[in-house]
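Coordinates from final-v2.cif are shown below (mmCIF, C-alpha atoms).
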```cif
data_upload
loop_
_atom_site.group_PDB
_atom_site.id
_atom_site.type_symbol
_atom_site.label_atom_id
_atom_site.label_comp_id
_atom_site.auth_asym_id
_atom_site.auth_seq_id
_atom_site.Cartn_x
_atom_site.Cartn_y
_atom_site.Cartn_z
ATOM 1 C CA MET A 1 -2.940 -21.366 5.337
ATOM 2 C CA ALA A 2 0.552 -20.877 6.724
ATOM 3 C CA THR A 3 0.991 -20.443 10.460
ATOM 4 C CA ILE A 4 2.210 -17.210 11.978
ATOM 5 C CA THR A 5 5.425 -18.955 13.025
ATOM 6 C CA ASN A 6 6.100 -20.087 9.449
ATOM 7 C CA LEU A 7 5.308 -16.670 7.985
ATOM 8 C CA LEU A 8 7.536 -14.830 10.471
ATOM 9 C CA SER A 9 10.332 -17.326 9.897
ATOM 10 C CA GLU A 10 10.081 -17.037 6.125
ATOM 11 C CA TYR A 11 9.967 -13.247 6.345
ATOM 12 C CA GLY A 12 13.010 -13.297 8.625
ATOM 13 C CA GLU A 13 15.058 -15.270 6.081
ATOM 14 C CA SER A 14 15.530 -12.140 3.975
ATOM 15 C CA HIS A 15 16.099 -9.922 7.016
ATOM 16 C CA GLN A 16 19.280 -11.236 8.645
ATOM 17 C CA ASN A 17 21.663 -8.326 8.090
ATOM 18 C CA PRO A 18 21.770 -6.003 11.133
ATOM 19 C CA THR A 19 21.699 -2.888 8.937
ATOM 20 C CA ASN A 20 18.671 -4.146 7.026
ATOM 21 C CA LYS A 21 16.938 -4.959 10.311
ATOM 22 C CA ARG A 22 17.558 -1.423 11.599
ATOM 23 C CA VAL A 23 16.258 0.012 8.336
ATOM 24 C CA HIS A 24 13.101 -2.078 8.731
ATOM 25 C CA TRP A 25 12.536 -0.817 12.283
ATOM 26 C CA ILE A 26 12.420 2.688 10.828
ATOM 27 C CA CYS A 27 10.878 2.176 7.400
ATOM 28 C CA VAL A 28 8.132 -0.405 8.031
ATOM 29 C CA PRO A 29 6.326 1.806 10.576
ATOM 30 C CA LEU A 30 6.822 4.835 8.315
ATOM 31 C CA ILE A 31 5.382 2.952 5.333
ATOM 32 C CA MET A 32 2.422 1.806 7.394
ATOM 33 C CA PHE A 33 1.856 5.336 8.729
ATOM 34 C CA SER A 34 2.187 6.990 5.336
ATOM 35 C CA LEU A 35 0.051 4.435 3.495
ATOM 36 C CA LEU A 36 -2.744 4.833 6.038
ATOM 37 C CA GLY A 37 -2.327 8.612 5.784
ATOM 38 C CA LEU A 38 -2.647 8.489 2.022
ATOM 39 C CA LEU A 39 -5.758 6.320 2.298
ATOM 40 C CA TRP A 40 -7.154 8.601 5.029
ATOM 41 C CA SER A 41 -6.800 11.510 2.592
ATOM 42 C CA VAL A 42 -8.856 9.967 -0.209
ATOM 43 C CA PRO A 43 -12.151 11.839 -0.285
ATOM 44 C CA LEU A 44 -15.275 9.721 -0.004
ATOM 45 C CA PRO A 45 -18.730 10.693 -1.247
ATOM 46 C CA ALA A 46 -20.532 13.097 1.096
ATOM 47 C CA ALA A 47 -23.181 10.520 2.007
ATOM 48 C CA LEU A 48 -20.489 8.178 3.363
ATOM 49 C CA ARG A 49 -18.597 10.961 5.141
ATOM 50 C CA GLU A 50 -21.785 11.988 6.944
ATOM 51 C CA THR A 51 -22.194 8.437 8.266
ATOM 52 C CA SER A 52 -19.082 8.716 10.419
ATOM 53 C CA PRO A 53 -15.989 10.932 10.517
ATOM 54 C CA TRP A 54 -14.005 7.714 10.988
ATOM 55 C CA LEU A 55 -15.250 6.052 7.811
ATOM 56 C CA ASN A 56 -12.573 6.300 5.150
ATOM 57 C CA LEU A 57 -10.349 4.022 3.089
ATOM 58 C CA ALA A 58 -7.742 3.825 5.855
ATOM 59 C CA THR A 59 -10.214 2.478 8.407
ATOM 60 C CA VAL A 60 -11.551 -0.035 5.880
ATOM 61 C CA VAL A 61 -8.017 -1.274 5.168
ATOM 62 C CA MET A 62 -7.223 -1.429 8.899
ATOM 63 C CA VAL A 63 -10.331 -3.516 9.590
ATOM 64 C CA LEU A 64 -9.461 -5.918 6.759
ATOM 65 C CA ALA A 65 -5.838 -6.187 7.932
ATOM 66 C CA ILE A 66 -6.899 -6.816 11.533
ATOM 67 C CA GLY A 67 -9.246 -9.539 10.265
ATOM 68 C CA TYR A 68 -6.304 -11.176 8.503
ATOM 69 C CA TYR A 69 -4.144 -10.807 11.619
ATOM 70 C CA LEU A 70 -6.862 -12.373 13.790
ATOM 71 C CA ARG A 71 -6.702 -15.492 11.620
ATOM 72 C CA LEU A 72 -2.953 -15.692 12.264
ATOM 73 C CA SER A 73 -2.616 -14.668 15.918
ATOM 74 C CA VAL A 74 -5.117 -13.057 18.267
ATOM 75 C CA PRO A 75 -2.420 -11.552 20.539
ATOM 76 C CA LEU A 76 -0.560 -9.990 17.595
ATOM 77 C CA ALA A 77 -3.854 -8.745 16.138
ATOM 78 C CA LEU A 78 -4.617 -7.032 19.446
ATOM 79 C CA GLY A 79 -1.179 -5.422 19.327
ATOM 80 C CA MET A 80 -1.830 -4.231 15.794
ATOM 81 C CA ILE A 81 -5.110 -2.669 16.924
ATOM 82 C CA VAL A 82 -3.072 -0.600 19.392
ATOM 83 C CA VAL A 83 -0.552 0.275 16.659
ATOM 84 C CA CYS A 84 -3.374 1.324 14.308
ATOM 85 C CA ALA A 85 -4.994 3.440 17.032
ATOM 86 C CA VAL A 86 -1.698 5.256 17.634
ATOM 87 C CA ILE A 87 -1.262 5.826 13.902
ATOM 88 C CA VAL A 88 -4.814 7.173 13.570
ATOM 89 C CA GLY A 89 -4.193 9.543 16.477
ATOM 90 C CA LEU A 90 -0.970 10.784 14.898
ATOM 91 C CA LEU A 91 -2.620 11.168 11.485
ATOM 92 C CA ARG A 92 -5.489 13.206 12.941
ATOM 93 C CA LEU A 93 -3.039 15.378 14.895
ATOM 94 C CA LEU A 94 -0.821 15.922 11.859
ATOM 95 C CA ASP A 95 -3.827 16.670 9.659
ATOM 96 C CA ALA A 96 -5.142 19.238 12.144
ATOM 97 C CA GLN A 97 -1.794 20.917 12.899
ATOM 98 C CA SER A 98 0.057 20.967 9.579
ATOM 99 C CA ALA A 99 -0.130 23.721 6.998
ATOM 100 C CA VAL A 100 0.849 21.119 4.399
ATOM 101 C CA PRO A 101 -1.853 18.676 3.243
ATOM 102 C CA LEU A 102 -1.680 15.275 4.949
ATOM 103 C CA TRP A 103 -1.496 13.429 1.627
ATOM 104 C CA MET A 104 1.583 15.411 0.585
ATOM 105 C CA ILE A 105 3.441 14.700 3.824
ATOM 106 C CA CYS A 106 2.507 11.024 3.618
ATOM 107 C CA LEU A 107 3.515 10.733 -0.029
ATOM 108 C CA ILE A 108 7.006 12.075 0.752
ATOM 109 C CA ILE A 109 7.353 9.733 3.749
ATOM 110 C CA PHE A 110 6.078 6.794 1.680
ATOM 111 C CA VAL A 111 8.590 7.313 -1.132
ATOM 112 C CA LEU A 112 11.554 7.918 1.189
ATOM 113 C CA ALA A 113 10.686 4.906 3.357
ATOM 114 C CA TRP A 114 10.488 2.620 0.316
ATOM 115 C CA VAL A 115 13.844 3.935 -0.909
ATOM 116 C CA GLY A 116 15.202 3.008 2.529
ATOM 117 C CA GLN A 117 13.629 -0.455 2.359
ATOM 118 C CA PHE A 118 15.140 -1.231 -1.023
ATOM 119 C CA TRP A 119 18.520 0.101 0.102
ATOM 120 C CA GLY A 120 18.312 -2.178 3.163
ATOM 121 C CA HIS A 121 17.626 -5.159 0.933
ATOM 122 C CA LYS A 122 20.518 -4.185 -1.317
ATOM 123 C CA VAL A 123 22.749 -4.263 1.767
ATOM 124 C CA GLU A 124 21.171 -7.604 2.726
ATOM 125 C CA GLY A 125 21.742 -8.983 -0.755
ATOM 126 C CA LYS A 126 18.235 -10.491 -0.852
ATOM 127 C CA LYS A 127 15.033 -9.400 -2.517
ATOM 128 C CA PRO A 128 12.158 -8.143 -0.373
ATOM 129 C CA SER A 129 9.813 -10.944 0.723
ATOM 130 C CA PHE A 130 6.749 -9.327 -0.827
ATOM 131 C CA LEU A 131 8.211 -9.842 -4.296
ATOM 132 C CA LYS A 132 7.710 -13.569 -3.658
ATOM 133 C CA ASP A 133 4.299 -13.259 -1.984
ATOM 134 C CA VAL A 134 2.322 -10.043 -1.578
ATOM 135 C CA GLN A 135 0.948 -11.124 1.822
ATOM 136 C CA PHE A 136 4.400 -10.338 3.236
ATOM 137 C CA LEU A 137 3.487 -6.651 2.958
ATOM 138 C CA LEU A 138 1.144 -7.368 5.870
ATOM 139 C CA ILE A 139 3.648 -9.583 7.691
ATOM 140 C CA GLY A 140 6.346 -6.900 7.987
ATOM 141 C CA PRO A 141 4.607 -5.002 10.809
ATOM 142 C CA LEU A 142 3.851 -8.286 12.627
ATOM 143 C CA TRP A 143 7.498 -9.317 12.290
ATOM 144 C CA LEU A 144 8.542 -6.189 14.182
ATOM 145 C CA LEU A 145 5.736 -6.560 16.725
ATOM 146 C CA HIS A 146 6.696 -10.168 17.449
ATOM 147 C CA PHE A 147 10.152 -8.985 18.579
ATOM 148 C CA ILE A 148 8.494 -6.593 21.017
ATOM 149 C CA TYR A 149 6.316 -9.437 22.304
ATOM 150 C CA GLN A 150 9.405 -11.644 22.708
ATOM 151 C CA ARG A 151 11.213 -8.913 24.623
ATOM 152 C CA LEU A 152 8.222 -8.532 26.949
ATOM 153 C CA GLY A 153 7.894 -12.304 27.347
ATOM 154 C CA TRP A 154 4.432 -12.313 25.748
ATOM 155 C CA HIS A 155 3.231 -15.271 23.709
ATOM 156 C CA TYR A 156 1.719 -14.744 20.313
#
```

Please, can you express the file's structure as structure tokens?
Amino acid sequence: MATITNLLSEYGESHQNPTNKRVHWICVPLIMFSLLGLLWSVPLPAALRETSPWLNLATVVMVLAIGYYLRLSVPLALGMIVVCAVIVGLLRLLDAQSAVPLWMICLIIFVLAWVGQFWGHKVEGKKPSFLKDVQFLLIGPLWLLHFIYQRLGWHY
């Protein structure tokens, strides 16, 4: 298994252009938010819903992703737990306050954010990393988080 340093470095190779980097700071969190929102919106059978109001496809995916992140870096995994908690809070707030269904809002955000991502890579002149290896879909959020850790002087 590749180390977190190797994965972040390889991911960074196709993210050198300042415009593409800025696009990623906007679009990666929006994609993560909207994907979790779409998964949160998938109805589960009543028996599962009665088990816990938190049990849904989004929480299952978050637990699996955090498990993967723990194998790479405990400090970054802890940061991603905080990120996921913030996203869940925002999703619940949006779901409760919006007249428009959560899935519809998230679908629009998801499509627009991916358009932004591909435009950023067109500016970069390099294909997105996940086209080479699908695990880079999970590395994108860590790549951004590692810059925050560096800025704060935290080791990951």

Which residues, written as a PDB file with C-alpha atoms, keeping the file's coordinate frame, have at least one atom at most 6 Å from region 16-27 of chain A, with only C-alpha atoms counted and residues fewer than 5 positions away on the same chain left out?
```pdb
ATOM      1  CA  ALA A 113      10.686   4.906   3.357  1.00  0.00           C
ATOM      2  CA  GLY A 120      18.312  -2.178   3.163  1.00  0.00           C
ATOM      3  CA  GLU A 124      21.171  -7.604   2.726  1.00  0.00           C
TER       4      GLU A 124
END
```

Practice item. Could you list the residues chosen by the PyMOL selection byres ((chain A and resi 81) around 12) in this structure as number ranges by chain? Key: A: 59, 62-67, 69-70, 74-80, 82-88, 141-142, 145

How would the residues just picked look written out with C-alpha atoms as a compact mmCIF listing (two decimals), in the coordinates of the input?
```
# COMPACT_ATOMS: atom_id res chain seq x y z
CA THR A 59 -10.21 2.48 8.41
CA MET A 62 -7.22 -1.43 8.90
CA VAL A 63 -10.33 -3.52 9.59
CA LEU A 64 -9.46 -5.92 6.76
CA ALA A 65 -5.84 -6.19 7.93
CA ILE A 66 -6.90 -6.82 11.53
CA GLY A 67 -9.25 -9.54 10.26
CA TYR A 69 -4.14 -10.81 11.62
CA LEU A 70 -6.86 -12.37 13.79
CA VAL A 74 -5.12 -13.06 18.27
CA PRO A 75 -2.42 -11.55 20.54
CA LEU A 76 -0.56 -9.99 17.60
CA ALA A 77 -3.85 -8.74 16.14
CA LEU A 78 -4.62 -7.03 19.45
CA GLY A 79 -1.18 -5.42 19.33
CA MET A 80 -1.83 -4.23 15.79
CA VAL A 82 -3.07 -0.60 19.39
CA VAL A 83 -0.55 0.28 16.66
CA CYS A 84 -3.37 1.32 14.31
CA ALA A 85 -4.99 3.44 17.03
CA VAL A 86 -1.70 5.26 17.63
CA ILE A 87 -1.26 5.83 13.90
CA VAL A 88 -4.81 7.17 13.57
CA PRO A 141 4.61 -5.00 10.81
CA LEU A 142 3.85 -8.29 12.63
CA LEU A 145 5.74 -6.56 16.73
```

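Interatomic distance, CA of Gln97 (chain A) to CA of Leu55 (chain A): 20.7 Å.
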
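Checking A:Val61, A:Tyr68, A:Trp154, A:Leu137 one by one against Thr3 (chain A), counting only C-alpha atoms, you find the shortest gap at A:Tyr68.
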
Review point. Any chance you could work out the residue set of the PyMOL selection byres ((chain A and resi 36) around 10) here, as a ChimeraX atom specification?
Key: /A:30-35,37-41,56-59,61-62,84,87-88,91,103,106
